[in-house]
file my_file.txt (compact mmCIF, C-alpha atoms)
# COMPACT_ATOMS: atom_id res chain seq x y z
CA MET A 1 -1.64 8.39 -24.26
CA TYR A 2 -3.10 10.20 -21.29
CA LYS A 3 -3.07 13.98 -20.92
CA ILE A 4 -1.93 15.80 -17.78
CA VAL A 5 -4.58 18.48 -17.35
CA ARG A 6 -3.35 19.86 -14.01
CA LYS A 7 -0.09 19.77 -12.10
CA LYS A 8 0.43 21.20 -8.62
CA GLU A 9 3.37 21.00 -6.24
CA LEU A 10 2.04 20.16 -2.77
CA ASN A 11 5.44 20.33 -1.10
CA PRO A 12 9.07 20.07 -2.31
CA THR A 13 8.86 16.29 -2.79
CA VAL A 14 5.14 15.64 -3.40
CA THR A 15 3.23 16.48 -6.59
CA LEU A 16 -0.44 16.29 -7.58
CA MET A 17 -1.60 15.61 -11.13
CA ASP A 18 -5.03 15.36 -12.72
CA ILE A 19 -4.96 12.89 -15.60
CA GLU A 20 -7.56 12.78 -18.37
CA ALA A 21 -8.84 9.20 -18.13
CA PRO A 22 -12.65 9.14 -18.43
CA LEU A 23 -13.11 5.36 -18.40
CA ILE A 24 -11.13 5.03 -15.16
CA ALA A 25 -12.83 8.06 -13.61
CA LYS A 26 -16.20 6.43 -14.33
CA LYS A 27 -15.35 3.30 -12.31
CA ALA A 28 -12.81 4.42 -9.68
CA GLU A 29 -13.56 4.21 -5.96
CA PRO A 30 -11.53 5.24 -2.87
CA GLY A 31 -8.86 2.70 -1.99
CA GLN A 32 -8.19 1.57 -5.54
CA PHE A 33 -5.06 2.28 -7.57
CA ILE A 34 -3.74 2.65 -11.10
CA ILE A 35 -0.53 1.51 -12.77
CA LEU A 36 1.23 3.91 -15.12
CA ARG A 37 4.21 4.16 -17.42
CA VAL A 38 5.67 7.58 -18.14
CA ASN A 39 7.05 6.52 -21.52
CA GLU A 40 7.13 3.47 -23.77
CA ASP A 41 10.35 2.11 -22.30
CA GLY A 42 9.51 3.02 -18.71
CA GLU A 43 8.79 0.82 -15.71
CA ARG A 44 5.29 0.22 -14.35
CA ILE A 45 4.53 1.87 -11.01
CA PRO A 46 1.36 1.73 -8.90
CA LEU A 47 -0.20 4.93 -7.56
CA THR A 48 -3.34 5.22 -5.48
CA VAL A 49 -6.36 7.05 -6.87
CA ALA A 50 -6.28 10.20 -4.74
CA ASP A 51 -9.52 11.59 -6.20
CA PHE A 52 -11.62 11.52 -9.34
CA ASP A 53 -14.15 13.66 -11.18
CA ARG A 54 -16.61 11.57 -13.13
CA ASP A 55 -18.07 14.61 -14.91
CA LYS A 56 -14.69 15.93 -16.09
CA GLY A 57 -13.33 12.45 -16.71
CA THR A 58 -10.19 13.03 -14.65
CA VAL A 59 -8.32 10.98 -12.07
CA THR A 60 -6.09 12.61 -9.47
CA ILE A 61 -2.78 11.05 -8.48
CA ILE A 62 -0.40 12.28 -5.80
CA PHE A 63 3.13 10.96 -5.74
CA GLN A 64 6.35 11.40 -3.80
CA ILE A 65 9.55 11.76 -5.77
CA VAL A 66 11.60 8.80 -4.55
CA GLY A 67 12.93 6.96 -7.62
CA ALA A 68 13.68 7.29 -11.31
CA THR A 69 10.09 6.97 -12.55
CA THR A 70 8.59 9.48 -10.14
CA GLU A 71 11.44 11.86 -11.03
CA LEU A 72 10.61 11.46 -14.74
CA LEU A 73 6.91 11.90 -14.05
CA ASN A 74 7.57 15.06 -12.09
CA HIS A 75 9.34 16.59 -15.09
CA LYS A 76 6.17 16.28 -17.16
CA LYS A 77 4.21 19.51 -17.61
CA GLU A 78 0.53 20.36 -17.91
CA GLY A 79 -0.66 19.56 -21.42
CA GLU A 80 1.90 16.81 -21.92
CA TYR A 81 1.09 13.10 -21.97
CA ILE A 82 2.08 9.90 -20.20
CA GLN A 83 2.21 6.58 -22.03
CA ASP A 84 -0.04 4.26 -19.97
CA PHE A 85 -2.59 4.75 -17.22
CA VAL A 86 -4.37 1.50 -16.30
CA GLY A 87 -7.10 0.87 -13.73
CA PRO A 88 -8.91 1.01 -11.48
CA LEU A 89 -7.16 -1.92 -9.79
CA GLY A 90 -7.50 -3.47 -6.35
CA VAL A 91 -10.48 -3.76 -4.04
CA ALA A 92 -12.25 -0.52 -3.09
CA SER A 93 -12.21 0.43 0.60
CA HIS A 94 -15.22 -0.71 2.60
CA THR A 95 -17.20 2.36 3.62
CA GLU A 96 -20.85 1.28 3.76
CA GLY A 97 -22.58 1.09 7.14
CA LEU A 98 -19.86 2.86 9.13
CA LYS A 99 -21.17 5.51 11.54
CA LYS A 100 -18.01 6.77 13.23
CA VAL A 101 -14.47 6.33 11.93
CA ALA A 102 -11.00 7.62 12.72
CA VAL A 103 -8.94 8.11 9.56
CA VAL A 104 -5.21 8.26 10.26
CA GLY A 105 -2.83 9.46 7.54
CA GLY A 106 0.94 9.78 7.62
CA GLY A 107 2.96 11.85 5.15
CA VAL A 108 2.15 11.13 1.51
CA GLY A 109 -0.21 8.40 2.79
CA CYS A 110 -2.64 11.24 3.39
CA ALA A 111 -3.23 11.22 -0.36
CA ILE A 112 -4.78 7.78 0.07
CA ALA A 113 -6.56 8.58 3.33
CA TYR A 114 -8.26 11.69 1.97
CA PRO A 115 -10.58 10.10 -0.63
CA ILE A 116 -11.70 7.57 1.98
CA ALA A 117 -12.46 10.33 4.50
CA LYS A 118 -14.30 12.25 1.76
CA LYS A 119 -16.40 9.21 0.80
CA LEU A 120 -17.27 8.45 4.44
CA HIS A 121 -18.27 12.06 5.05
CA GLY A 122 -20.50 11.98 1.99
CA LEU A 123 -22.24 8.89 3.37
CA GLY A 124 -23.06 10.71 6.61
CA CYS A 125 -20.36 9.06 8.71
CA GLU A 126 -18.75 11.01 11.57
CA VAL A 127 -15.13 11.35 10.52
CA HIS A 128 -12.23 12.09 12.87
CA SER A 129 -9.07 12.74 10.84
CA ILE A 130 -5.57 12.54 12.26
CA VAL A 131 -2.74 13.47 9.90
CA GLY A 132 0.95 13.46 10.69
CA PHE A 133 4.04 14.96 9.06
CA ARG A 134 7.69 15.48 9.93
CA ASN A 135 7.34 19.27 9.84
CA LYS A 136 5.19 22.19 8.65
CA ASP A 137 6.76 22.31 5.17
CA LEU A 138 5.55 18.78 4.39
CA VAL A 139 1.87 19.28 5.28
CA ILE A 140 -0.49 18.42 2.40
CA LEU A 141 -4.27 18.40 1.85
CA GLU A 142 -5.05 20.28 5.06
CA ASP A 143 -8.04 22.17 3.66
CA GLU A 144 -9.38 19.07 1.94
CA PHE A 145 -9.32 17.09 5.17
CA LYS A 146 -10.95 19.91 7.12
CA ALA A 147 -13.81 20.00 4.62
CA CYS A 148 -14.74 16.37 5.27
CA SER A 149 -13.83 15.95 8.96
CA ASP A 150 -15.88 16.47 12.10
CA VAL A 151 -12.66 16.43 14.12
CA MET A 152 -9.25 17.28 12.64
CA LYS A 153 -5.88 16.73 14.32
CA ILE A 154 -2.58 17.75 12.68
CA MET A 155 0.58 16.33 14.23
CA THR A 156 4.20 17.18 13.42
CA ASP A 157 7.32 15.47 14.71
CA ASP A 158 9.04 18.76 15.51
CA GLY A 159 5.99 20.76 16.63
CA SER A 160 6.41 23.32 13.84
CA TYR A 161 2.69 23.06 13.02
CA GLY A 162 -0.37 21.64 14.73
CA THR A 163 0.54 19.59 17.80
CA LYS A 164 3.96 18.11 18.48
CA GLY A 165 3.86 14.33 18.59
CA LEU A 166 2.86 11.23 16.70
CA VAL A 167 -0.48 10.27 15.19
CA THR A 168 -0.71 7.52 17.81
CA ASP A 169 -0.63 10.19 20.53
CA ALA A 170 -3.68 11.93 19.06
CA LEU A 171 -5.52 8.65 18.42
CA LYS A 172 -4.94 7.44 21.97
CA GLU A 173 -6.20 10.74 23.33
CA LEU A 174 -9.40 10.52 21.26
CA ILE A 175 -10.06 6.92 22.25
CA GLU A 176 -9.48 7.61 25.93
CA ALA A 177 -11.80 10.63 25.68
CA GLY A 178 -14.60 8.13 25.09
CA ASN A 179 -14.85 8.06 21.29
CA GLN A 180 -16.07 4.65 20.18
CA TYR A 181 -15.05 4.04 16.60
CA ASP A 182 -16.58 1.44 14.32
CA GLU A 183 -13.22 1.34 12.61
CA VAL A 184 -9.83 3.00 12.46
CA ILE A 185 -8.38 3.35 8.97
CA ALA A 186 -4.61 3.92 8.93
CA ILE A 187 -2.61 4.77 5.82
CA GLY A 188 1.02 5.85 5.70
CA PRO A 189 4.51 4.50 6.34
CA VAL A 190 4.51 0.83 7.31
CA ILE A 191 6.09 1.62 10.68
CA MET A 192 3.29 4.10 11.42
CA MET A 193 0.57 1.59 10.50
CA LYS A 194 2.29 -1.01 12.68
CA PHE A 195 2.13 1.16 15.79
CA VAL A 196 -1.40 2.41 15.08
CA SER A 197 -2.50 -1.24 14.85
CA LYS A 198 -0.61 -2.11 18.02
CA LEU A 199 -2.40 0.71 19.85
CA THR A 200 -5.89 -0.11 18.60
CA LYS A 201 -5.44 -3.79 19.45
CA GLU A 202 -5.08 -2.76 23.10
CA TYR A 203 -8.49 -1.09 22.88
CA ASN A 204 -10.07 -3.80 20.71
CA VAL A 205 -10.87 -1.36 17.90
CA LYS A 206 -11.13 -2.82 14.39
CA THR A 207 -8.34 -1.42 12.23
CA VAL A 208 -7.81 -1.44 8.48
CA VAL A 209 -4.47 -0.58 6.88
CA SER A 210 -3.62 0.09 3.23
CA MET A 211 -0.48 -1.80 2.22
CA ASN A 212 1.84 -0.64 -0.55
CA PRO A 213 4.46 -3.35 -1.10
CA ILE A 214 6.63 -3.74 -4.21
CA MET A 215 4.28 -4.28 -7.15
CA ILE A 216 4.90 -5.14 -10.81
CA ASP A 217 1.93 -6.36 -12.84
CA GLY A 218 -0.97 -5.48 -10.54
CA THR A 219 -2.97 -8.59 -11.44
CA GLY A 220 -1.67 -11.18 -8.95
CA MET A 221 0.52 -12.96 -11.51
CA CYS A 222 4.03 -11.97 -10.41
CA GLY A 223 3.73 -12.33 -6.64
CA GLY A 224 5.92 -9.30 -6.03
CA CYS A 225 3.36 -7.67 -3.73
CA ARG A 226 2.92 -10.66 -1.45
CA LEU A 227 2.60 -10.18 2.27
CA THR A 228 1.58 -12.29 5.22
CA VAL A 229 -1.81 -11.64 6.82
CA GLY A 230 -3.01 -13.90 9.62
CA GLY A 231 -0.35 -16.45 8.70
CA GLU A 232 -1.53 -16.64 5.08
CA THR A 233 0.09 -15.24 1.94
CA LYS A 234 -1.94 -12.45 0.36
CA PHE A 235 -1.34 -10.28 -2.70
CA ALA A 236 -1.89 -6.57 -2.21
CA CYS A 237 -2.88 -5.98 -5.85
CA VAL A 238 -5.86 -8.34 -5.90
CA ASP A 239 -6.63 -9.13 -2.24
CA GLY A 240 -6.06 -5.57 -1.06
CA PRO A 241 -4.62 -3.06 -0.70
CA ASP A 242 -6.76 -2.93 2.50
CA PHE A 243 -6.12 -5.54 5.20
CA ASP A 244 -6.87 -6.16 8.88
CA GLY A 245 -4.11 -4.27 10.67
CA HIS A 246 -4.16 -6.68 13.59
CA LEU A 247 -3.23 -9.59 11.30
CA VAL A 248 -0.56 -8.06 9.03
CA ASP A 249 3.06 -9.13 9.51
CA PHE A 250 4.49 -5.61 9.45
CA ASP A 251 8.08 -6.66 10.21
CA GLU A 252 8.17 -8.86 7.11
CA SER A 253 6.71 -6.03 5.04
CA LEU A 254 9.28 -3.55 6.35
CA GLU A 255 12.11 -5.89 5.43
CA ARG A 256 10.81 -6.52 1.91
CA GLY A 257 10.10 -2.83 1.33
CA ALA A 258 13.72 -1.89 2.01
CA MET A 259 15.19 -4.31 -0.54
CA TYR A 260 15.51 -1.84 -3.41
CA ARG A 261 15.92 1.44 -1.53
CA GLU A 262 19.57 1.90 -2.48
CA PHE A 263 18.85 0.96 -6.11
CA GLU A 264 15.96 3.46 -6.28
CA ALA A 265 18.17 6.25 -4.95
CA LYS A 266 20.87 5.57 -7.56
CA LYS A 267 18.37 5.43 -10.43
CA ARG A 268 16.77 8.69 -9.35
CA GLU A 269 20.20 10.34 -9.18
CA ALA A 270 20.90 9.16 -12.72
CA VAL A 271 17.63 10.68 -13.98
CA CYS A 272 18.33 13.94 -12.16
CA ASN A 273 21.70 14.15 -13.91
CA LEU A 274 19.96 13.80 -17.28
CA PHE A 275 17.86 16.88 -16.57
CA LYS A 276 20.69 19.07 -15.25
CA GLY A 277 21.08 22.10 -17.41
CA VAL A 278 17.88 21.37 -19.38
call {"tool": "encode", "arguments": {"input": "my_file.txt", "output": "structure tokens"}}
result
Amino acid sequence: MYKIVRKKELNPTVTLMDIEAPLIAKKAEPGQFIILRVNEDGERIPLTVADFDRDKGTVTIIFQIVGATTELLNHKKEGEYIQDFVGPLGVASHTEGLKKVAVVGGGVGCAIAYPIAKKLHGLGCEVHSIVGFRNKDLVILEDEFKACSDVMKIMTDDGSYGTKGLVTDALKELIEAGNQYDEVIAIGPVIMMKFVSKLTKEYNVKTVVSMNPIMIDGTGMCGGCRLTVGGETKFACVDGPDFDGHLVDFDESLERGAMYREFEAKKREAVCNLFKGV
């Protein structure tokens, strides 16, 4: 059992939790993920390591409430426990040797982009962060990004905060202003990563994306997280989650990612009904 030592609502649909897991905190690196079960009969879900504190022995997760399991998890309180918390899994993001990087985060994907930006900043890399949200109410981790960014751009679809527009608008502006990036790291909705990669390909800028396909066991056994990269089948859990954005078949990934959307919505509704009146 793993204790929830802190819980914080970042916006109406996104929650942060610090989980007491000293062995994972000791080994975790930006870009890796964990798999958890809320209770003994629950499903396994992957969540990216959003941060960690090796001294306190805690691992931070940030999740969006989209299905039954995230709804159940969100009903847990500080001091309560979750059944399983396994990791770190996946390959850590490459950060060594980079001198200037643009980190692009979209929505809850910013929870994955932040620890990478923080690690790069700590290594002395010049970090330009671009984060995008639908509106002001959904903005998360603004102060955290500012603390580790040399340049910070906040974009909103409706212009209610920061600058109105897409993350690609800000990235194009920075590139055309003469910024030469060793790498662009894009993390967020698949459609966002697709268009970031399409843009950077025009400018011949190396681009890494973090893929989050359907995942079950997290060890490469089930094949549920397969995707096509450069014409080859890869497994996000063991080969990734980071991949060359110019080689990923985003259209295939979008199609596979939508397979269970209706099912997830119905399961979440069922869980919500269980908690009504509680």
call {"tool": "residues_around", "arguments": {"input": "my_file.txt", "residues": "A:Ser93", "least_positions_apart": "4", "cutoff": "7 Å", "atoms": "only C-alpha atoms", "output": "MDAnalysis selection string"}}
result
chainID A and resid 30:31 242
call {"tool": "residues_near_point", "arguments": {"input": "my_file.txt", "point": "(-7.7, 16.2, 14.3)", "cutoff": "10 Å", "atoms": "all atoms listed in the file", "output": "ChimeraX atom specification"}}
result
/A:102-104,127-132,145-146,149-155,162-163,167,170-171,174
call {"tool": "atom_distance", "arguments": {"input": "my_file.txt", "atom1": "atom CA of A:Ile112", "atom2": "atom CA of A:Ile187"}}
result
6.8 Å
call {"tool": "atom_distance", "arguments": {"input": "my_file.txt", "atom1": "atom CA of A:Cys125", "atom2": "atom CA of A:Asn179"}}
result
13.8 Å
call {"tool": "closest_atom_pairs", "arguments": {"input": "my_file.txt", "of": "stretch 59-130 of chain A", "to": "stretch 14-17 of chain A", "cutoff": "10 Å", "atoms": "only C-alpha atoms", "output": "CSV"}}
result
residue,atom,partner,partner_atom,distance
A:Val59,CA,A:Met17,CA,8.2
A:Thr60,CA,A:Met17,CA,5.6
A:Ile61,CA,A:Met17,CA,5.4
A:Ile62,CA,A:Leu16,CA,4.4
A:Phe63,CA,A:Thr15,CA,5.6
A:Gln64,CA,A:Val14,CA,4.4
A:Ile65,CA,A:Val14,CA,6.3
A:Val66,CA,A:Val14,CA,9.5
A:Thr70,CA,A:Thr15,CA,9.5
A:Leu73,CA,A:Thr15,CA,9.5
A:Asn74,CA,A:Thr15,CA,7.1
A:Lys76,CA,A:Met17,CA,9.9
A:Lys77,CA,A:Met17,CA,9.5
A:Glu78,CA,A:Met17,CA,8.5
A:Gly107,CA,A:Val14,CA,9.6
A:Val108,CA,A:Val14,CA,7.3
A:Ala111,CA,A:Leu16,CA,9.3
call {"tool": "atom_distance", "arguments": {"input": "my_file.txt", "atom1": "atom CA of A:Leu254", "atom2": "atom CA of A:Gly223"}}
result
16.6 Å
